[in-house]
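Peer 1: Got a structure here, written out as structure tokens. Questions coming.
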Amino acid sequence: MVKQLESNPRVLIVIRNGMAEFATDEFIEVEIFNLDEFSGDLGALPSPQFRDLAEVMGVPCAPCH
């Protein structure tokens, strides 16, 4: 668990080598990122609101605007 104070709880699911891993807040808002299929397209990166979860999972994240 990463945060407990988030108003919109989240989970980031990362598929790596055919295996799904996840990091969650206390409640869940879901975003799925398939690292195996990631081709460098910045539009396919996890949303900025998932940045801390992406860092926990060792995946890149979309830039903040």
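By order of appearance in the structure tokens: chains A, B, ..., then residues from 1 within every chain, and ligands from 1 in the order shown.
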Write out as a PyMOL selection string the residues lying within 12 Å of Glu55 in chain A, counting only C-alpha atoms and excluding same-chain residues fewer than 6 positions away.

Peer 2: chain A and resi 2+12+14+22-23+46+48-49+61-62

Peer 1: Write the residues of the preceding selection, restricted to C-alpha atoms, as a PDB file, in the first residue's frame.

Peer 2:
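Listed below is the output, selection-v7.pdb:
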```pdb
ATOM      1  CA  VAL A   2       1.386   3.403  -0.975  1.00  0.00           C
ATOM      2  CA  LEU A  12      -1.776   0.170 -11.071  1.00  0.00           C
ATOM      3  CA  VAL A  14       1.696  -3.928 -14.581  1.00  0.00           C
ATOM      4  CA  PHE A  22      -0.038  -4.533  -8.759  1.00  0.00           C
ATOM      5  CA  ALA A  23       0.317  -1.690  -6.285  1.00  0.00           C
ATOM      6  CA  PRO A  46       0.231   5.347 -17.020  1.00  0.00           C
ATOM      7  CA  PRO A  48       0.365  11.191 -14.047  1.00  0.00           C
ATOM      8  CA  GLN A  49      -1.962  10.507 -11.074  1.00  0.00           C
ATOM      9  CA  CYS A  61       4.898   7.411 -16.336  1.00  0.00           C
ATOM     10  CA  ALA A  62       3.298  10.086 -18.506  1.00  0.00           C
TER      11      ALA A  62
END
```

Peer 1: Between A:Glu29, A:Arg10, A:Arg16, A:Glu21, which has the minimum distance to Asp52 in chain A (counting only C-alpha atoms)?

Peer 2: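 Residue with the minimum atom-to-atom distance to Asp52 in chain A: A:Arg10.
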
Peer 1: Please identify the strand (DSSP E or B) residues within chain A (assignment by DSSP from backbone atoms) and present them as an MDAnalysis selection string.

Peer 2: chainID A and resid 11:16 19:24 30:34
